[in-house]
$ cat start.cif   # mmCIF, C-alpha atoms and all ligand atoms
data_upload
#
loop_
_atom_site.label_atom_id
_atom_site.label_comp_id
_atom_site.auth_asym_id
_atom_site.auth_seq_id
_atom_site.Cartn_x
_atom_site.Cartn_y
_atom_site.Cartn_z
CA MET H 1 -3.29 -28.87 22.42
CA PRO H 2 -4.98 -28.31 19.07
CA ALA H 3 -7.93 -26.38 20.57
CA ALA H 4 -5.71 -23.78 22.22
CA HIS H 5 -3.75 -23.43 19.00
CA ALA H 6 -6.94 -22.76 17.05
CA ASP H 7 -7.95 -20.11 19.57
CA SER H 8 -4.68 -18.23 19.40
CA LYS H 9 -4.91 -18.24 15.61
CA ASP H 10 -8.41 -16.75 15.89
CA ASP H 11 -7.06 -14.06 18.22
CA GLU H 12 -4.16 -13.20 15.98
CA TYR H 13 -6.09 -13.22 12.70
CA SER H 14 -9.03 -11.28 14.08
CA GLN H 15 -6.67 -8.36 14.80
CA VAL H 16 -5.38 -8.05 11.22
CA LEU H 17 -7.93 -5.53 9.91
CA TYR H 18 -7.79 -3.51 13.12
CA LYS H 19 -4.03 -3.32 13.10
CA ALA H 20 -4.21 -1.80 9.62
CA TRP H 21 -7.01 0.50 10.77
CA SER H 22 -5.02 1.75 13.76
CA ASN H 23 -1.82 2.11 11.72
CA TYR H 24 -3.56 4.35 9.19
CA LEU H 25 -5.26 6.39 11.93
CA ALA H 26 -2.02 6.89 13.86
CA TYR H 27 -0.14 8.21 10.84
CA SER H 28 -0.09 11.96 10.69
CA THR H 29 1.84 13.92 8.09
CA PRO H 30 -0.77 16.54 7.28
CA ASN H 31 -0.71 19.18 4.62
CA ASN H 32 -3.43 21.70 5.19
CA SER H 33 -2.31 24.10 2.51
CA ILE H 34 -3.08 22.08 -0.62
CA SER H 35 -5.78 23.77 -2.63
CA ILE H 36 -8.68 21.80 -3.98
CA LYS H 37 -10.38 23.14 -7.07
CA VAL H 38 -13.73 21.77 -8.17
CA HIS H 39 -14.86 21.47 -11.80
CA ALA H 40 -18.42 20.16 -11.90
CA SER H 41 -21.43 19.62 -14.12
CA SER H 42 -24.23 21.98 -13.14
CA ASN H 43 -26.55 19.15 -12.05
CA VAL H 44 -24.13 17.62 -9.53
CA SER H 45 -25.26 18.79 -6.09
CA GLN H 46 -23.07 20.67 -3.61
CA ALA H 47 -23.79 17.89 -1.10
CA ALA H 48 -22.30 15.26 -3.42
CA ILE H 49 -19.28 17.45 -4.11
CA LYS H 50 -18.82 18.11 -0.40
CA SER H 51 -18.99 14.44 0.56
CA PHE H 52 -16.32 13.53 -2.00
CA SER H 53 -14.09 16.50 -1.16
CA ASP H 54 -14.36 15.66 2.56
CA GLY H 55 -13.09 12.16 1.76
CA ALA H 56 -10.17 13.53 -0.27
CA ASN H 57 -9.36 15.99 2.54
CA TRP H 58 -9.46 13.19 5.10
CA THR H 59 -6.58 11.50 3.26
CA LEU H 60 -4.64 14.72 2.70
CA SER H 61 -4.95 15.66 6.35
CA ARG H 62 -3.00 12.48 7.22
CA PHE H 63 -0.80 11.71 4.24
CA GLY H 64 -0.47 15.03 2.45
CA ALA H 65 3.08 15.99 3.47
CA LYS H 66 4.51 14.77 0.16
CA PHE H 67 2.80 17.63 -1.63
CA SER H 68 3.99 21.18 -1.76
CA SER H 69 1.87 24.04 -0.54
CA THR H 70 1.56 25.35 -4.10
CA ASP H 71 0.05 22.08 -5.38
CA THR H 72 -3.56 22.07 -6.49
CA PHE H 73 -5.86 19.09 -6.69
CA HIS H 74 -8.41 19.39 -9.44
CA LEU H 75 -11.61 17.45 -8.85
CA ILE H 76 -13.74 16.77 -11.93
CA PHE H 77 -17.39 15.82 -11.36
CA ALA H 78 -18.95 15.06 -14.75
CA SER H 79 -22.47 13.78 -15.33
CA SER H 80 -22.15 13.43 -19.12
CA TYR H 81 -19.44 12.73 -21.67
CA ALA H 82 -19.77 16.24 -23.12
CA ASP H 83 -19.15 17.66 -19.64
CA ALA H 84 -16.18 15.34 -19.10
CA GLN H 85 -14.63 16.79 -22.29
CA LYS H 86 -15.44 20.37 -21.36
CA LEU H 87 -14.18 20.03 -17.77
CA SER H 88 -10.96 18.29 -18.74
CA LEU H 89 -10.21 21.16 -21.18
CA GLU H 90 -10.76 23.49 -18.26
CA VAL H 91 -8.19 21.54 -16.20
CA ASN H 92 -5.79 21.43 -19.19
CA SER H 93 -5.69 25.21 -19.23
CA GLU H 94 -4.77 25.35 -15.53
CA LEU H 95 -2.60 22.32 -14.83
CA PRO H 96 0.62 22.00 -16.84
CA ASN H 97 1.09 18.53 -18.38
CA TYR H 98 -2.43 17.36 -17.64
CA ASP H 99 -3.02 17.03 -21.41
CA THR H 100 -0.75 13.93 -21.39
CA TYR H 101 -3.17 12.29 -18.95
CA ASN H 102 -6.55 13.34 -20.18
CA THR H 103 -6.73 11.11 -23.29
CA ARG H 104 -6.98 8.17 -20.96
CA HIS H 105 -9.44 9.93 -18.65
CA LEU H 106 -11.73 10.72 -21.54
CA SER H 107 -11.61 7.13 -22.74
CA VAL H 108 -12.73 6.04 -19.25
CA ALA H 109 -15.51 8.66 -19.42
CA LYS H 110 -16.56 7.39 -22.85
CA SER H 111 -16.88 3.80 -21.69
CA TYR H 112 -18.77 4.88 -18.53
CA PHE H 113 -21.27 7.08 -20.36
CA ASP H 114 -21.74 4.60 -23.24
CA SER H 115 -23.44 2.36 -20.70
CA PRO H 116 -23.91 4.51 -17.60
CA ASP H 117 -24.28 2.82 -14.21
CA ASN H 118 -27.02 4.51 -12.18
CA SER H 119 -26.04 2.70 -9.03
CA THR H 120 -22.55 4.11 -8.55
CA PRO H 121 -20.16 6.76 -9.89
CA ALA H 122 -16.70 5.76 -11.16
CA GLY H 123 -13.58 7.50 -9.85
CA GLY H 124 -9.99 7.64 -11.05
CA THR H 125 -6.92 9.83 -10.91
CA SER H 126 -3.96 11.17 -12.81
CA SER H 127 -1.80 8.63 -10.96
CA ARG H 128 -1.94 6.28 -13.89
CA GLY H 129 -3.14 8.50 -16.66
CA CYS H 130 -0.31 8.63 -19.19
CA ASN H 131 1.31 5.18 -19.33
CA TYR H 132 -0.93 3.02 -21.44
CA ASP H 133 -0.42 0.80 -24.46
CA GLY H 134 0.36 2.96 -27.45
CA SER H 135 1.08 6.11 -25.45
CA PRO H 136 4.38 7.96 -25.89
CA TYR H 137 5.19 7.32 -22.23
CA GLY H 138 5.39 3.55 -22.31
CA SER H 139 3.25 0.49 -22.14
CA PHE H 140 2.44 -2.26 -19.69
CA GLN H 141 4.53 -4.67 -21.78
CA GLY H 142 7.77 -2.77 -21.80
CA VAL H 143 9.94 -0.69 -19.52
CA ILE H 144 7.86 2.16 -18.27
CA LYS H 145 9.00 5.76 -18.20
CA PRO H 146 7.68 8.04 -15.47
CA CYS H 147 4.76 10.25 -16.43
CA PRO H 148 5.45 13.98 -16.46
CA ALA H 149 5.09 15.40 -12.97
CA LEU H 150 2.00 17.41 -12.13
CA THR H 151 1.89 20.19 -9.56
CA GLY H 152 -0.82 18.37 -7.64
CA GLY H 153 -3.07 16.08 -9.59
CA THR H 154 -6.51 15.36 -10.92
CA ILE H 155 -9.24 13.15 -9.54
CA TYR H 156 -12.25 12.53 -11.73
CA VAL H 157 -15.64 11.12 -10.85
CA PHE H 158 -18.04 10.19 -13.63
CA GLY H 159 -21.63 9.42 -12.82
CA THR H 160 -25.24 9.97 -13.76
CA SER H 161 -27.03 12.53 -11.58
CA ASN H 162 -28.85 9.60 -9.88
CA ALA H 163 -25.56 7.92 -9.11
CA PHE H 164 -24.26 11.15 -7.54
CA GLU H 165 -27.39 11.78 -5.46
CA ASN H 166 -27.72 8.27 -4.07
CA ASN H 167 -24.14 7.70 -3.04
CA PHE H 168 -23.01 10.35 -0.55
CA SER H 169 -21.40 7.71 1.70
CA ASN H 170 -19.68 6.01 -1.21
CA LEU H 171 -18.48 9.36 -2.51
CA PHE H 172 -16.74 10.04 0.80
CA THR H 173 -15.01 6.64 0.64
CA ILE H 174 -14.07 7.03 -3.03
CA GLY H 175 -12.69 10.52 -2.32
CA ALA H 176 -10.39 9.16 0.41
CA HIS H 177 -9.40 6.20 -1.80
CA GLU H 178 -8.62 8.26 -4.90
CA ALA H 179 -6.67 10.92 -3.01
CA PHE H 180 -4.40 8.17 -1.74
CA HIS H 181 -3.61 7.14 -5.33
CA LEU H 182 -2.19 10.64 -5.76
CA VAL H 183 -0.17 10.26 -2.55
CA LEU H 184 1.21 6.96 -3.91
CA SER H 185 2.28 8.49 -7.19
CA LYS H 186 3.93 11.31 -5.25
CA MET H 187 5.87 8.74 -3.18
CA ASN H 188 7.10 7.19 -6.40
CA PRO H 189 6.04 8.19 -9.95
CA ASN H 190 6.30 4.53 -11.00
CA SER H 191 4.39 3.01 -8.11
CA HIS H 192 1.26 2.35 -10.17
CA TYR H 193 3.25 0.43 -12.76
CA ASP H 194 5.80 -1.39 -10.59
CA VAL H 195 3.81 -2.40 -7.51
CA PRO H 196 1.33 -5.30 -7.70
CA GLU H 197 -2.29 -4.27 -7.97
CA TRP H 198 -3.36 -6.13 -4.83
CA ILE H 199 -1.14 -3.75 -2.85
CA ILE H 200 -2.08 -0.56 -4.74
CA GLU H 201 -5.85 -1.09 -4.72
CA GLY H 202 -5.78 -2.91 -1.39
CA VAL H 203 -4.08 -0.02 0.40
CA CYS H 204 -6.28 2.65 -1.26
CA GLN H 205 -9.43 0.68 -0.48
CA SER H 206 -8.34 0.04 3.10
CA ILE H 207 -7.70 3.75 3.60
CA GLY H 208 -11.10 4.57 2.09
CA LEU H 209 -12.78 2.15 4.52
CA THR H 210 -10.75 3.43 7.48
CA ALA H 211 -11.90 6.96 6.63
CA ALA H 212 -15.49 5.75 6.39
CA SER H 213 -15.24 3.90 9.70
CA THR H 214 -14.33 7.11 11.50
CA ASP H 215 -17.47 8.91 10.40
CA SER H 216 -20.18 7.37 12.56
CA ASN H 217 -22.82 9.73 11.17
CA LYS H 218 -22.42 8.30 7.72
CA PHE H 219 -21.44 4.76 8.65
CA LYS H 220 -23.28 3.26 11.55
CA ASP H 221 -22.13 -0.31 10.96
CA GLY H 222 -18.35 0.14 11.00
CA THR H 223 -17.21 -0.16 7.45
CA MET H 224 -13.97 -1.96 8.30
CA LEU H 225 -16.16 -4.86 9.39
CA ASN H 226 -17.59 -5.08 5.91
CA PRO H 227 -14.78 -5.05 3.36
CA SER H 228 -16.14 -3.90 0.04
CA PRO H 229 -16.99 -4.85 -2.58
CA SER H 230 -18.27 -7.74 -0.49
CA LEU H 231 -17.51 -11.23 -1.70
CA ASP H 232 -19.74 -14.26 -1.34
CA PRO H 233 -17.86 -16.65 0.98
CA SER H 234 -19.10 -19.60 -1.09
CA THR H 235 -17.08 -18.31 -4.04
CA GLN H 236 -13.95 -18.15 -1.87
CA SER H 237 -13.53 -21.76 -0.84
CA ASN H 238 -10.21 -22.35 -2.63
CA PRO H 239 -6.89 -21.06 -1.27
CA TYR H 240 -6.41 -17.69 -2.95
CA ASP H 241 -3.33 -17.22 -5.11
CA LEU H 242 -2.34 -13.53 -5.08
CA THR H 243 -0.42 -14.02 -8.35
CA LEU H 244 -3.86 -13.54 -9.95
CA LEU H 245 -3.96 -9.97 -8.67
CA GLU H 246 -0.55 -8.67 -9.63
CA ASN H 247 -1.80 -6.81 -12.71
CA GLN H 248 -4.91 -4.80 -13.44
CA GLN H 249 -7.05 -7.84 -14.23
CA GLY H 250 -9.22 -9.31 -11.52
CA LYS H 251 -12.18 -7.19 -10.49
CA PRO H 252 -13.57 -6.94 -7.86
CA GLU H 253 -10.97 -9.13 -6.16
CA ARG H 254 -8.12 -6.67 -6.51
CA PHE H 255 -10.17 -4.39 -4.25
CA ALA H 256 -11.92 -6.79 -1.87
CA ILE H 257 -9.15 -9.41 -1.66
CA GLY H 258 -6.57 -6.63 -1.98
CA ILE H 259 -7.80 -5.08 1.31
CA LEU H 260 -7.35 -8.36 3.16
CA ALA H 261 -3.92 -9.00 1.64
CA SER H 262 -2.55 -5.48 2.15
CA ASP H 263 -3.91 -5.42 5.72
CA LEU H 264 -2.21 -8.75 6.42
CA LEU H 265 1.04 -7.36 5.00
CA LEU H 266 0.71 -4.29 7.19
CA SER H 267 0.05 -6.45 10.26
CA ARG H 268 3.29 -8.33 9.50
CA SER H 269 5.28 -5.07 9.42
CA ASP H 270 4.36 -1.42 9.95
CA LEU H 271 3.33 1.57 7.88
CA GLN H 272 6.84 3.03 7.62
CA THR H 273 8.07 -0.23 6.09
CA LEU H 274 5.14 -0.47 3.71
CA PHE H 275 5.66 3.14 2.60
CA LYS H 276 9.38 2.50 2.21
CA PHE H 277 8.60 -0.37 -0.16
CA LEU H 278 6.10 1.73 -2.13
CA SER H 279 8.62 4.58 -2.42
CA SER H 280 11.62 2.52 -3.44
CA MET H 281 10.12 0.48 -6.25
CA ASN H 282 11.81 1.22 -9.52
CA ASN H 283 11.02 -0.57 -12.78
CA PRO H 284 12.58 -2.67 -14.32
CA ASN H 285 13.80 -4.20 -11.04
CA ALA H 286 11.50 -7.07 -10.14
CA TRP H 287 9.14 -6.01 -7.35
CA ASP H 288 9.51 -9.29 -5.48
CA VAL H 289 13.24 -8.66 -4.99
CA GLU H 290 12.51 -5.28 -3.41
CA PHE H 291 9.66 -6.86 -1.42
CA GLU H 292 11.90 -9.44 0.24
CA LYS H 293 14.61 -6.87 0.90
CA THR H 294 12.20 -4.46 2.56
CA PHE H 295 9.87 -6.76 4.50
CA GLY H 296 12.37 -9.48 5.36
CA PHE H 297 10.24 -12.33 4.01
CA SER H 298 9.77 -13.56 0.47
CA LYS H 299 6.77 -13.12 -1.79
CA SER H 300 6.17 -16.89 -1.75
CA ILE H 301 6.19 -17.03 2.05
CA PHE H 302 3.75 -14.13 2.22
CA TYR H 303 1.49 -15.61 -0.47
CA GLN H 304 1.28 -18.82 1.57
CA ASP H 305 0.61 -16.78 4.71
CA PHE H 306 -2.24 -15.10 2.83
CA LYS H 307 -3.69 -18.44 1.69
CA ASN H 308 -4.00 -19.43 5.36
CA PHE H 309 -5.49 -16.08 6.39
CA HIS H 310 -7.91 -16.07 3.43
CA SER H 311 -9.18 -19.58 4.27
CA TRP H 312 -9.66 -18.59 7.91
CA TYR H 313 -11.41 -15.33 6.97
CA PHE H 314 -14.00 -16.88 4.67
CA SER H 315 -14.56 -20.05 6.71
CA LYS H 316 -15.11 -18.37 10.09
CA GLY H 317 -13.09 -15.16 10.47
CA MET H 318 -15.70 -12.85 8.98
CA LYS H 319 -18.19 -14.03 11.63
CA ILE H 320 -15.68 -13.73 14.47
CA ILE H 321 -14.63 -10.21 13.42
CA ARG H 322 -18.16 -8.95 12.94
CA GLY H 323 -19.20 -10.48 16.27
CA LYS H 324 -16.70 -8.31 18.13
CA GLN H 325 -17.20 -4.70 19.05
CA PHE H 326 -14.87 -1.96 17.86
CA PRO H 327 -13.93 -0.73 21.36
CA SER H 328 -12.92 -4.15 22.67
CA LEU H 329 -10.85 -4.88 19.59
CA LEU H 330 -9.20 -1.50 19.67
CA SER H 331 -8.39 -1.73 23.36
CA SER H 332 -6.94 -5.21 22.99
CA SER H 333 -4.84 -4.04 20.05
CA SER H 334 -3.54 -1.08 22.04
CA THR H 335 -2.66 -3.50 24.87
CA THR H 336 -0.63 -5.51 22.37
CA LYS H 337 0.96 -2.30 21.19
CA SER H 338 1.99 -1.07 24.63
CA THR H 339 4.24 -4.14 25.03
CA THR H 340 6.40 -2.61 22.29
CA LYS H 341 6.75 0.45 24.57
CA GLU H 342 5.51 2.78 21.92
CA ASN H 343 5.76 6.39 22.94
CA VAL H 344 2.68 8.45 22.16
CA LYS H 345 2.75 12.23 22.42
CA ILE H 346 -0.32 14.41 22.96
CA ILE H 347 -0.68 18.15 23.27
CA CYS H 348 -2.92 19.41 26.06
CA VAL H 349 -4.36 22.89 26.25
CA LYS H 350 -5.94 25.01 29.01
CA GLY H 351 -6.75 28.47 27.81
CA LYS H 352 -3.46 29.82 26.51
CA LEU H 353 -1.36 27.18 28.28
CA THR H 354 -0.13 24.09 26.45
CA LYS H 355 1.56 20.98 27.78
CA THR H 356 3.04 18.04 25.92
CA VAL H 357 2.46 14.70 27.60
CA SER H 358 4.01 11.47 26.41
CA GLY H 359 3.92 7.81 27.36
CA ALA H 360 2.29 4.57 26.31
CA ASN H 361 -1.15 5.89 27.20
CA PRO H 362 -0.79 9.64 27.82
CA LYS H 363 -3.50 11.62 29.62
CA CYS H 364 -3.91 15.37 30.07
CA PRO H 365 -3.57 16.81 33.60
CA SER H 366 -6.86 17.92 35.14
CA GLY H 367 -8.21 21.14 33.69
CA TYR H 368 -6.43 20.48 30.37
CA LYS H 369 -8.01 19.17 27.19
CA VAL H 370 -6.41 17.24 24.34
CA LYS H 371 -5.75 19.63 21.47
CA ALA H 372 -8.01 18.68 18.57
ZN ZN H 401 -8.21 2.66 -6.88
#

$ encode --input "start.cif" --output "structure tokens" --more "lines below"
Ligand SMILES: [Zn+2]
Amino acid sequence: MPAAHADSKDDEYSQVLYKAWSNYLAYSTPNNSISIKVHASSNVSQAAIKSFSDGANWTLSRFGAKFSSTDTFHLIFASSYADAQKLSLEVNSELPNYDTYNTRHLSVAKSYFDSPDNSTPAGGTSSRGCNYDGSPYGSFQGVIKPCPALTGGTIYVFGTSNAFENNFSNLFTIGAHEAFHLVLSKMNPNSHYDVPEWIIEGVCQSIGLTAASTDSNKFKDGTMLNPSPSLDPSTQSNPYDLTLLENQQGKPERFAIGILASDLLLSRSDLQTLFKFLSSMNNPNAWDVEFEKTFGFSKSIFYQDFKNFHSWYFSKGMKIIRGKQFPSLLSSSSTTKSTTKENVKIICVKGKLTKTVSGANPKCPSGYKVKA
């Protein structure tokens, strides 16, 4: 029965983004002892800095365990090129080895401030700061050596003061996104050079949107429903070949298409497997060999799988997904999950008493509250 088949495909595909969303939310390896140090131009408001730092903290509170408690994250908020120079010197004096990264950061600052964009700030990190063509640490053409390790890392945001003031929501999302780049480079110093861009940017962007979706004060429309940057469906009528997004070319697709592709990959496996792949990559081994070994299916099978999902998404999936409500989707995905007999543990508190309750859908006994 072709009609029934089409329906079950709709059901399966419409869960893809939510499966990723729930996987990221369920993961909890917090590190609450990482220090964050802010270096900012005087005309960047505390509200802008707070929004961005909240986003970075959101990621660290779930994925921060890879860092040591002595690590410091330096956040640079520069509203002019002169400030970018001044603030990166400040970081150089405090973070050993940062000077091998900052040449690249300043060249990004230069190109931003040569033609500043008032509509949005630009973020980046020390995850890919020292390997670039002509650098002593390697190039994209050859075998890449790991960058020197940093005790923590640096995230920069360059923007005009208008761009900072008009983008509090975006700043939160960018903060969560950029902090995950640092988590990735902690998993594997070579990840940003050995793993295809559609996975790197797709995962970071998906985490940024997941973070945004959890803050209903800032995001009333459920950001996961609106993958960004948004793409015009009419430009997406051909089957999408992910080979186009394996390197750093391809904007904005490596973000917007990358979210869809990395979410599909996650829905075909789980977060532990995805993180295992990201941690084990080691140039010059070809990534697709490691991919097949870890996920159990080949790159070409997955790329075909994505072509089907992409066609569905832009022909009708976007409408189907946006037409559904978060709660119904989440409850149906947790129903699917409970068939795998997943054991969930919660801690319940009543005054000084605590109780651990586990099961597929654990609830606290009466009088107890779930520990926040
Ligand atoms: Zn990124």

$ residues_around --input "start.cif" --residues "Ser311 (chain H)" --least-positions-apart "3" --cutoff "8 Å" --atoms "all atoms listed in the file" --output "VMD selection string"
chain H and resid 236 to 240 307 to 308 314 to 315

$ closest_residue --input "start.cif" --among "H:Ile174, H:Ile301, H:Leu242, H:Met318" --to "ligand ZN 401 (chain H)" --atoms "all atoms listed in the file"
H:Ile174

$ closest_residue --input "start.cif" --among "H:Thr173, H:Ser107, H:Ser93, H:Thr100" --to "ligand ZN 401 (chain H)" --atoms "all atoms listed in the file"
H:Thr173

$ residues_near_point --input "start.cif" --point "(-7.3, 5.8, -2.2)" --cutoff "6 Å" --atoms "all atoms listed in the file" --output "PDB file with C-alpha atoms, keeping the file's coordinate frame"
ATOM      1  CA  ALA H 176     -10.390   9.160   0.410  1.00  0.00           C
ATOM      2  CA  HIS H 177      -9.400   6.200  -1.800  1.00  0.00           C
ATOM      3  CA  GLU H 178      -8.620   8.260  -4.900  1.00  0.00           C
ATOM      4  CA  ALA H 179      -6.670  10.920  -3.010  1.00  0.00           C
ATOM      5  CA  PHE H 180      -4.400   8.170  -1.740  1.00  0.00           C
ATOM      6  CA  HIS H 181      -3.610   7.140  -5.330  1.00  0.00           C
ATOM      7  CA  CYS H 204      -6.280   2.650  -1.260  1.00  0.00           C
ATOM      8  CA  GLN H 205      -9.430   0.680  -0.480  1.00  0.00           C
ATOM      9  CA  GLY H 208     -11.100   4.570   2.090  1.00  0.00           C
TER      10      GLY H 208
END

$ closest_residue --input "start.cif" --among "H:Ser126, H:Ser269, H:Thr120, H:Asn92" --to "ligand ZN 401 (chain H)" --atoms "all atoms listed in the file"
H:Ser126

$ closest_residue --input "start.cif" --among "H:Leu278, H:Val370, H:Ala65, H:Ile200" --to "Ala261 (chain H)" --atoms "only C-alpha atoms"
H:Ile200

$ residues_around --input "start.cif" --residues "region 68-77 of chain H" --least-positions-apart "2" --cutoff "8 Å" --atoms "all atoms listed in the file" --output "PDB file with C-alpha atoms, keeping the file's coordinate frame"
ATOM      1  CA  ASN H  31      -0.710  19.180   4.620  1.00  0.00           C
ATOM      2  CA  SER H  33      -2.310  24.100   2.510  1.00  0.00           C
ATOM      3  CA  ILE H  34      -3.080  22.080  -0.620  1.00  0.00           C
ATOM      4  CA  SER H  35      -5.780  23.770  -2.630  1.00  0.00           C
ATOM      5  CA  ILE H  36      -8.680  21.800  -3.980  1.00  0.00           C
ATOM      6  CA  LYS H  37     -10.380  23.140  -7.070  1.00  0.00           C
ATOM      7  CA  VAL H  38     -13.730  21.770  -8.170  1.00  0.00           C
ATOM      8  CA  HIS H  39     -14.860  21.470 -11.800  1.00  0.00           C
ATOM      9  CA  ALA H  40     -18.420  20.160 -11.900  1.00  0.00           C
ATOM     10  CA  SER H  41     -21.430  19.620 -14.120  1.00  0.00           C
ATOM     11  CA  VAL H  44     -24.130  17.620  -9.530  1.00  0.00           C
ATOM     12  CA  ILE H  49     -19.280  17.450  -4.110  1.00  0.00           C
ATOM     13  CA  ALA H  65       3.080  15.990   3.470  1.00  0.00           C
ATOM     14  CA  LYS H  66       4.510  14.770   0.160  1.00  0.00           C
ATOM     15  CA  SER H  79     -22.470  13.780 -15.330  1.00  0.00           C
ATOM     16  CA  ALA H  84     -16.180  15.340 -19.100  1.00  0.00           C
ATOM     17  CA  LEU H  87     -14.180  20.030 -17.770  1.00  0.00           C
ATOM     18  CA  SER H  88     -10.960  18.290 -18.740  1.00  0.00           C
ATOM     19  CA  VAL H  91      -8.190  21.540 -16.200  1.00  0.00           C
ATOM     20  CA  THR H 151       1.890  20.190  -9.560  1.00  0.00           C
ATOM     21  CA  GLY H 152      -0.820  18.370  -7.640  1.00  0.00           C
ATOM     22  CA  GLY H 153      -3.070  16.080  -9.590  1.00  0.00           C
ATOM     23  CA  THR H 154      -6.510  15.360 -10.920  1.00  0.00           C
ATOM     24  CA  ILE H 155      -9.240  13.150  -9.540  1.00  0.00           C
ATOM     25  CA  TYR H 156     -12.250  12.530 -11.730  1.00  0.00           C
ATOM     26  CA  VAL H 157     -15.640  11.120 -10.850  1.00  0.00           C
ATOM     27  CA  PHE H 158     -18.040  10.190 -13.630  1.00  0.00           C
ATOM     28  CA  GLY H 159     -21.630   9.420 -12.820  1.00  0.00           C
TER      29      GLY H 159
END

$ closest_residue --input "start.cif" --among "H:Val183, H:Leu353, H:Ile144, H:Ala212" --to "Asn282 (chain H)" --atoms "all atoms listed in the file"
H:Ile144

$ atom_distance --input "start.cif" --atom1 "CA of Asp54 (chain H)" --atom2 "CA of Leu182 (chain H)"
15.6 Å

$ closest_residue --input "start.cif" --among "H:Lys369, H:Arg254, H:Arg62, H:Lys363" --to "ligand ZN 401 (chain H)" --atoms "all atoms listed in the file"
H:Arg254

$ residues_around --input "start.cif" --residues "Asn162 (chain H)" --least-positions-apart "3" --cutoff "9 Å" --atoms "all atoms listed in the file" --output "list in words"
Asn118, Ser119, Thr120, Gly159, Glu165, Asn166 and Asn167 of chain H

$ write_last_selection --input "start.cif" --atoms "C-alpha atoms" --output "PDB file, in the frame of the given file"
ATOM      1  CA  ASN H 118     -27.020   4.510 -12.180  1.00  0.00           C
ATOM      2  CA  SER H 119     -26.040   2.700  -9.030  1.00  0.00           C
ATOM      3  CA  THR H 120     -22.550   4.110  -8.550  1.00  0.00           C
ATOM      4  CA  GLY H 159     -21.630   9.420 -12.820  1.00  0.00           C
ATOM      5  CA  GLU H 165     -27.390  11.780  -5.460  1.00  0.00           C
ATOM      6  CA  ASN H 166     -27.720   8.270  -4.070  1.00  0.00           C
ATOM      7  CA  ASN H 167     -24.140   7.700  -3.040  1.00  0.00           C
TER       8      ASN H 167
END

$ atom_distance --input "start.cif" --atom1 "CA of Phe168 (chain H)" --atom2 "CA of Leu60 (chain H)"
19.2 Å

$ residues_around --input "start.cif" --residues "region 291-299 of chain H" --least-positions-apart "5" --cutoff "8 Å" --atoms "all atoms listed in the file" --output "PDB file with C-alpha atoms, in the frame of the given file"
ATOM      1  CA  SER H 269       5.280  -5.070   9.420  1.00  0.00           C
ATOM      2  CA  THR H 273       8.070  -0.230   6.090  1.00  0.00           C
ATOM      3  CA  LEU H 274       5.140  -0.470   3.710  1.00  0.00           C
ATOM      4  CA  LYS H 276       9.380   2.500   2.210  1.00  0.00           C
ATOM      5  CA  PHE H 277       8.600  -0.370  -0.160  1.00  0.00           C
TER       6      PHE H 277
END

$ build_atoms --input "start.cif" --residues "region 48-58 of chain H" --atoms "N, CA and C atoms" --output "PDB file, in the coordinates of the input"
ATOM      1  N   ALA H  48     -23.120  16.352  -2.862  1.00  0.00           N
ATOM      2  CA  ALA H  48     -22.300  15.260  -3.420  1.00  0.00           C
ATOM      3  C   ALA H  48     -20.848  15.696  -3.513  1.00  0.00           C
ATOM      4  N   ILE H  49     -20.639  16.929  -3.985  1.00  0.00           N
ATOM      5  CA  ILE H  49     -19.280  17.450  -4.110  1.00  0.00           C
ATOM      6  C   ILE H  49     -18.608  17.538  -2.744  1.00  0.00           C
ATOM      7  N   LYS H  50     -19.385  17.963  -1.740  1.00  0.00           N
ATOM      8  CA  LYS H  50     -18.820  18.110  -0.400  1.00  0.00           C
ATOM      9  C   LYS H  50     -18.419  16.747   0.166  1.00  0.00           C
ATOM     10  N   SER H  51     -19.286  15.752   0.000  1.00  0.00           N
ATOM     11  CA  SER H  51     -18.990  14.440   0.560  1.00  0.00           C
ATOM     12  C   SER H  51     -17.677  13.891  -0.023  1.00  0.00           C
ATOM     13  N   PHE H  52     -17.529  14.023  -1.342  1.00  0.00           N
ATOM     14  CA  PHE H  52     -16.320  13.530  -2.000  1.00  0.00           C
ATOM     15  C   PHE H  52     -15.088  14.321  -1.559  1.00  0.00           C
ATOM     16  N   SER H  53     -15.228  15.663  -1.550  1.00  0.00           N
ATOM     17  CA  SER H  53     -14.090  16.500  -1.160  1.00  0.00           C
ATOM     18  C   SER H  53     -13.680  16.245   0.289  1.00  0.00           C
ATOM     19  N   ASP H  54     -14.665  15.994   1.164  1.00  0.00           N
ATOM     20  CA  ASP H  54     -14.360  15.660   2.560  1.00  0.00           C
ATOM     21  C   ASP H  54     -13.510  14.389   2.630  1.00  0.00           C
ATOM     22  N   GLY H  55     -13.865  13.414   1.796  1.00  0.00           N
ATOM     23  CA  GLY H  55     -13.090  12.160   1.760  1.00  0.00           C
ATOM     24  C   GLY H  55     -11.662  12.427   1.309  1.00  0.00           C
ATOM     25  N   ALA H  56     -11.510  13.219   0.236  1.00  0.00           N
ATOM     26  CA  ALA H  56     -10.170  13.530  -0.270  1.00  0.00           C
ATOM     27  C   ALA H  56      -9.377  14.287   0.801  1.00  0.00           C
ATOM     28  N   ASN H  57     -10.037  15.229   1.483  1.00  0.00           N
ATOM     29  CA  ASN H  57      -9.360  15.990   2.540  1.00  0.00           C
ATOM     30  C   ASN H  57      -8.967  15.120   3.720  1.00  0.00           C
ATOM     31  N   TRP H  58      -9.777  14.120   4.000  1.00  0.00           N
ATOM     32  CA  TRP H  58      -9.460  13.190   5.100  1.00  0.00           C
ATOM     33  C   TRP H  58      -8.076  12.571   4.854  1.00  0.00           C
TER      34      TRP H  58
END
